[in-house]
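Asks: Could you have a look at this structure, given as structure tokens, before my questions?
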Amino acid sequence: MTQPKVELHIANFGTITVELDQEKAPKSVENFLGYVASGHYDNTIFHRIIPGFMVQGGGMEPGMAQKKTAKPIENEAANGLKNTKYTLAMARTSDPHSATSQFFINIADNDFLNHTAPSSQGWGYAVFGKVVDGTDVVDKIKDVPTGRKGFHDDVPKEDVVLTKAVAL
Amino acid sequence: MEIIAPPHWQMVDCISDLHLQAQEPQTRDALSRFLSESPAQALFILGDLFEAWVGDDQLQSGTGIEHEVAAMLHTASQRMAIFIMRGNRDFLMGEQLGAACGAQLLEDPSVLELGSNRWLLTHGDAQCLADTPYQTFRAQVRSTAWQDRFLSQPLSQRLELARQMRSQSEAQKTQRKALHEPWIDLDSATCLGQLQAHAADHMVHGHTHQPAQHPLGPGHTRWVLSDWDLQAKPPRAEALRLNTAHPAPQRIALVGATGPGANLSA
């Protein structure tokens with residue numbers, strides 16, 4: 001089964017290609033491809049970058065306005081995929097099944113984010129893909145200077161803009 | 001006590017004043033989520049982790065929350081170094097609890113050397129000099145003689161005494177408010193003196209529940225931690241993150257955000 005691929009074009013940095021695991025994370029992949037197709041990810045920013053941890057985006061426009069999302073999806077973190085370096089996972093609030101459009105790329109082996117139990121504390125974060133090209137672009141993004149913007153921390157001082165996401 | 005951060009420590013989280021007790025399970029849950037998602041390499045808990053601690057036998061024979069908290073800290077200690085400082089409510093925390101938590105007990109004050117900065121870590125109660133009734137009480141209860149006598153009493157009696165001390169303290173606070181007396185902050189001169197005595201740059205403390213940054217002098221800042229109360233409206237839980245990649249500490253709001261490690265809506 002060929003797994004779907006998506007290109008994330010990032011202004012001034014380059015292109016990251018992610019391969020999605022439709023077999024192990026069908027709901028997350030369908031959800032992600034939906035946002036790609038509708039153009040939701042076009043002109044969003046990576047608004048939360050923590051070196052040594054992860055880079056997060058997919059939800060805000062430049063200026064930190066939240067884009068409207070579709071319904072939250074089920075958490076597929078129990079699929080056996082681990083939050084290792086350069087994997088792609090769904091971001092969410094403390095409600096295990098609250099993921100909508102935001103995602104993050106792990107830039108370390110973040111074992112503590114893996115599913116351990118179906119409880120609020122143990123659910124973990126659902127991995128649904130990985131970077132197959134452009135890890136060097138991820139490495140550049142993770143090092144941008146960040147600071148506080150409004151109520152948000154770890155926001156890049158200069159916007160890191162995902163200009164368009166293209167399904168291949 | 002000096003802690004020299006090993007080279008791999010990039011982020012160090014500081015929290016305090018969780019006042020964990022059986023009647024507030026949401027705060028316990030918030031701590032559990034924070035511990036399972038914080039990307040920091042070390043965690044410093046600067047006092048009043050528990051609402052009351054009357055002896056390490058409370059671990060086995062308390063309400064159950066003590067054991068739960070120790071277990072979650074012990075799990076977290078496998079990937080992050082955990083340090084616990086006694087506060088004014090839980091000043092009887094001992095080695096047994098420390099071991100159960102997988103944590104090192106910290107003296108008050110202690111100094112953390114992280115990168116090129118030296119941080120003086122303290123709970124904050126000892127420096128509130130203007131709170132004379134409290135300082136008298138503190139001198140008494142920190143004496144070995146008093147503690148030995150106290151600990152020789154049965155657990156149920158100690159818990160009752162702790163309840164009485166707490167309601168006395170609350171009554172005093174209410175009285176102060178009624179008389180429009182300002183709440184008592186740490187004495188600046190004392191803080192600056194401590195920084196100089198320990199060759200430290202900045203101070204981090206809790207106790208007052210008044211999160212803010214206060215200049216103490218050129219190149220010296222006093223950082224105050226927030227308390228945690230997940231039943232408050234709005235709920236509050238915050239960590240102060242020291243980060244070698246950042247010039248200043250970051251306040252990590254743990255309520256209402258999206259994404260791993262910032263994620264503790266009530």
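Convention: chains lettered A, B, ... in structure tokens order; per-chain residue numbering from 1; ligands numbered from 1 as shown.
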Hey, which bits of chain A sit within 9 Å of chain B, and for each residue what's the closest pair of atoms and how far apart in Å (one decimal), counting only C-alpha atoms, rows by chain and increasing number, as CSV?
Replies:
residue,atom,partner,partner_atom,distance
A:Arg48,CA,B:Gly259,CA,8.6
A:Ile50,CA,B:Pro39,CA,8.9
A:Pro51,CA,B:Ala245,CA,8.1
A:Gly52,CA,B:Pro39,CA,8.1
A:Phe53,CA,B:Pro39,CA,6.4
A:Met54,CA,B:Pro260,CA,8.7
A:Gln56,CA,B:Gly259,CA,7.5
A:Met90,CA,B:Gly259,CA,8.2
A:Ala91,CA,B:Gly259,CA,4.6
A:Arg92,CA,B:Thr258,CA,5.2
A:Thr93,CA,B:Thr258,CA,4.5
A:Ser94,CA,B:Asn263,CA,5.1
A:Asp95,CA,B:Ser265,CA,8.1
A:Ala99,CA,B:Thr258,CA,8.8
A:Gln102,CA,B:Gly259,CA,7.9
A:Phe103,CA,B:Gly259,CA,8.0
A:Phe104,CA,B:Gly259,CA,7.9
A:Asn110,CA,B:Pro39,CA,8.2
A:Phe112,CA,B:Ser36,CA,6.2
A:Leu113,CA,B:Glu37,CA,6.4
A:Ser120,CA,B:Arg33,CA,7.7
A:Gln121,CA,B:Arg33,CA,5.1
A:Gly122,CA,B:Ser36,CA,7.9
A:Gly124,CA,B:Glu37,CA,8.7
A:Tyr125,CA,B:Pro260,CA,7.6
A:Pro145,CA,B:His246,CA,8.6
A:Thr146,CA,B:His246,CA,8.3
A:Gly147,CA,B:His246,CA,8.4
A:Arg148,CA,B:Gln250,CA,8.0
A:Phe151,CA,B:Ala253,CA,8.1
A:His152,CA,B:Ala253,CA,8.3
A:Asp153,CA,B:Ile252,CA,6.9
A:Asp154,CA,B:Gln250,CA,8.6
Asks: For the structure I just gave you, how does DSSP split chain A - specifically, which residues are helix (DSSP H, G or I)? Reply as a list in words.
Replies: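 Matching residues for helix (DSSP H, G or I) in chain A are Pro26, Lys27, Ser28, Val29, Glu30, Asn31, Phe32, Leu33, Gly34, Tyr35, Val36, Ala37, Ala77, Ala78, Asn79, Asp111, Phe112, Leu113, Thr135, Asp136, Val137, Val138, Asp139, Lys140 and Ile141 of chain A.
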Asks: Would you put the residues from that selection into a file with N, CA and C atoms, as a PDB file, in the first residue's frame?
Replies:
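What ended up in result-v5.pdb:
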ATOM      1  N   PRO A  26      -5.531   5.755  10.313  1.00  0.00           N
ATOM      2  CA  PRO A  26      -6.453   6.126   9.226  1.00  0.00           C
ATOM      3  C   PRO A  26      -7.247   7.399   9.499  1.00  0.00           C
ATOM      4  N   LYS A  27      -7.709   7.580  10.736  1.00  0.00           N
ATOM      5  CA  LYS A  27      -8.550   8.743  11.045  1.00  0.00           C
ATOM      6  C   LYS A  27      -7.717  10.022  11.020  1.00  0.00           C
ATOM      7  N   SER A  28      -6.522   9.948  11.594  1.00  0.00           N
ATOM      8  CA  SER A  28      -5.655  11.125  11.638  1.00  0.00           C
ATOM      9  C   SER A  28      -5.217  11.515  10.234  1.00  0.00           C
ATOM     10  N   VAL A  29      -4.929  10.507   9.409  1.00  0.00           N
ATOM     11  CA  VAL A  29      -4.484  10.778   8.039  1.00  0.00           C
ATOM     12  C   VAL A  29      -5.628  11.374   7.224  1.00  0.00           C
ATOM     13  N   GLU A  30      -6.813  10.802   7.354  1.00  0.00           N
ATOM     14  CA  GLU A  30      -7.983  11.333   6.630  1.00  0.00           C
ATOM     15  C   GLU A  30      -8.235  12.781   7.055  1.00  0.00           C
ATOM     16  N   ASN A  31      -8.138  13.031   8.355  1.00  0.00           N
ATOM     17  CA  ASN A  31      -8.353  14.369   8.915  1.00  0.00           C
ATOM     18  C   ASN A  31      -7.328  15.355   8.341  1.00  0.00           C
ATOM     19  N   PHE A  32      -6.074  14.943   8.357  1.00  0.00           N
ATOM     20  CA  PHE A  32      -4.978  15.799   7.877  1.00  0.00           C
ATOM     21  C   PHE A  32      -5.148  16.095   6.390  1.00  0.00           C
ATOM     22  N   LEU A  33      -5.439  15.065   5.599  1.00  0.00           N
ATOM     23  CA  LEU A  33      -5.607  15.252   4.151  1.00  0.00           C
ATOM     24  C   LEU A  33      -6.796  16.152   3.843  1.00  0.00           C
ATOM     25  N   GLY A  34      -7.804  16.095   4.704  1.00  0.00           N
ATOM     26  CA  GLY A  34      -8.958  16.982   4.539  1.00  0.00           C
ATOM     27  C   GLY A  34      -8.545  18.443   4.656  1.00  0.00           C
ATOM     28  N   TYR A  35      -7.746  18.741   5.685  1.00  0.00           N
ATOM     29  CA  TYR A  35      -7.270  20.119   5.882  1.00  0.00           C
ATOM     30  C   TYR A  35      -6.341  20.542   4.750  1.00  0.00           C
ATOM     31  N   VAL A  36      -5.550  19.589   4.232  1.00  0.00           N
ATOM     32  CA  VAL A  36      -4.671  19.894   3.093  1.00  0.00           C
ATOM     33  C   VAL A  36      -5.525  20.255   1.878  1.00  0.00           C
ATOM     34  N   ALA A  37      -6.519  19.432   1.596  1.00  0.00           N
ATOM     35  CA  ALA A  37      -7.360  19.627   0.400  1.00  0.00           C
ATOM     36  C   ALA A  37      -8.133  20.931   0.461  1.00  0.00           C
ATOM     37  N   ALA A  77      -3.274   7.337  19.284  1.00  0.00           N
ATOM     38  CA  ALA A  77      -1.919   7.141  19.817  1.00  0.00           C
ATOM     39  C   ALA A  77      -1.626   5.703  20.190  1.00  0.00           C
ATOM     40  N   ALA A  78      -2.664   4.863  20.331  1.00  0.00           N
ATOM     41  CA  ALA A  78      -2.435   3.467  20.711  1.00  0.00           C
ATOM     42  C   ALA A  78      -2.088   2.601  19.510  1.00  0.00           C
ATOM     43  N   ASN A  79      -1.694   3.244  18.393  1.00  0.00           N
ATOM     44  CA  ASN A  79      -1.447   2.488  17.153  1.00  0.00           C
ATOM     45  C   ASN A  79      -0.051   1.873  17.068  1.00  0.00           C
ATOM     46  N   ASP A 111       9.814   9.889  24.004  1.00  0.00           N
ATOM     47  CA  ASP A 111       9.108   8.682  24.464  1.00  0.00           C
ATOM     48  C   ASP A 111       7.970   8.980  25.422  1.00  0.00           C
ATOM     49  N   PHE A 112       8.132  10.051  26.223  1.00  0.00           N
ATOM     50  CA  PHE A 112       7.123  10.341  27.232  1.00  0.00           C
ATOM     51  C   PHE A 112       5.796  10.798  26.621  1.00  0.00           C
ATOM     52  N   LEU A 113       5.778  11.042  25.307  1.00  0.00           N
ATOM     53  CA  LEU A 113       4.536  11.432  24.648  1.00  0.00           C
ATOM     54  C   LEU A 113       3.776  10.225  24.105  1.00  0.00           C
ATOM     55  N   THR A 135      14.502  16.922   6.320  1.00  0.00           N
ATOM     56  CA  THR A 135      14.825  16.981   7.749  1.00  0.00           C
ATOM     57  C   THR A 135      15.768  18.153   8.014  1.00  0.00           C
ATOM     58  N   ASP A 136      16.560  18.529   6.989  1.00  0.00           N
ATOM     59  CA  ASP A 136      17.445  19.685   7.150  1.00  0.00           C
ATOM     60  C   ASP A 136      16.631  20.973   7.306  1.00  0.00           C
ATOM     61  N   VAL A 137      15.473  21.019   6.654  1.00  0.00           N
ATOM     62  CA  VAL A 137      14.587  22.184   6.789  1.00  0.00           C
ATOM     63  C   VAL A 137      14.014  22.222   8.212  1.00  0.00           C
ATOM     64  N   VAL A 138      13.609  21.068   8.705  1.00  0.00           N
ATOM     65  CA  VAL A 138      13.110  20.975  10.085  1.00  0.00           C
ATOM     66  C   VAL A 138      14.195  21.460  11.049  1.00  0.00           C
ATOM     67  N   ASP A 139      15.439  21.027  10.789  1.00  0.00           N
ATOM     68  CA  ASP A 139      16.556  21.405  11.661  1.00  0.00           C
ATOM     69  C   ASP A 139      16.795  22.907  11.670  1.00  0.00           C
ATOM     70  N   LYS A 140      16.537  23.565  10.545  1.00  0.00           N
ATOM     71  CA  LYS A 140      16.707  25.025  10.513  1.00  0.00           C
ATOM     72  C   LYS A 140      15.568  25.701  11.278  1.00  0.00           C
ATOM     73  N   ILE A 141      14.370  25.195  11.088  1.00  0.00           N
ATOM     74  CA  ILE A 141      13.192  25.797  11.727  1.00  0.00           C
ATOM     75  C   ILE A 141      13.290  25.715  13.248  1.00  0.00           C
TER      76      ILE A 141
END
Asks: Gln66 of chain A: which residues within 12 Å, counting only C-alpha atoms, same-chain residues fewer than 2 positions away excluded, as a ChimeraX atom specification?
Replies: /A:40-41,43-45,47,57-64,68-69,100-102 /B:258
Asks: Find the residue from A:Gln22, A:Ser98, A:Ser119, A:Thr163 that sits nearest to Leu81 of chain A; use only C-alpha atoms when measuring.
Replies: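 For Leu81 of chain A, the nearest of the given residues is A:Gln22.
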Asks: Select from chain A everything DSSP, run on the backbone, classes as strand (DSSP E), then give the selection as a VMD selection string.
Replies: chain A and resid 5 to 10 14 to 20 44 to 45 48 to 50 54 to 57 87 to 90 103 to 106 127 to 133 146 to 149 152 to 156 161 to 167
Asks: Take atom CA of Gln41 of chain B and atom CA of Ser77 of chain B and report the distance between them in Å, one decimal.
Replies: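 Separating atom CA of Gln41 of chain B from atom CA of Ser77 of chain B is a distance of 9.7 Å.
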Asks: Nearest to Ala25 of chain A: which of A:His9, A:Lys85, A:Lys71, A:Lys130 is it, counting only C-alpha atoms?
Replies: A:Lys130
Asks: Between A:Pro72, A:Asp143, A:Leu168, A:Thr87, which has the minimum distance to Ile105 of chain A (counting only C-alpha atoms)?
Replies: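 Smallest separation from Ile105 of chain A among the options: A:Thr87.
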Asks: Choose the residue, out of B:Gln60, B:Trp228, B:Pro234, B:Gly193, that has the smallest atom-to-atom separation from Pro25 of chain B; count only C-alpha atoms.
Replies: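 Among the listed residues, the smallest separation from Pro25 of chain B belongs to B:Trp228.
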Asks: Just the residues within 7 Å of segment 2-6 of chain A, please, counting only C-alpha atoms, with nothing from its chain fewer than 3 positions along; format it as number ranges by chain.
Replies: A: 17-22, 165-168
Asks: Here is a test: counting only C-alpha atoms, which residue of B:Gln140, B:His202, B:Gln168, B:Leu225 is nearest to Arg241 of chain B?
Replies: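 Using only C-alpha atoms, Arg241 of chain B sits closest to B:Leu225.
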Asks: Between B:Leu97, B:Ala126, B:Ile15, B:Ala42, which has the minimum distance to His209 of chain B (counting only C-alpha atoms)?
Replies: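 Counting only C-alpha atoms, the residue closest to His209 of chain B is B:Ile15.
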Asks: Excluding Ala52 of chain B and its own-chain neighbours fewer than 6 positions away, which residues fall within 8 Å of it when counting only C-alpha atoms? Please give them as a PyMOL selection string.
Replies: chain B and resi 19+21+89-90+162
Asks: In Å, with one decimal, what is the gap from atom CA of Met72 of chain B to atom CA of Gly87 of chain B?
Replies: 19.8 Å
Asks: Between atom CA of Ser110 of chain B and atom CA of Thr27 of chain B, what distance in Å does the model show, to one decimal?
Replies: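 Separation between atom CA of Ser110 of chain B and atom CA of Thr27 of chain B: 26.2 Å.
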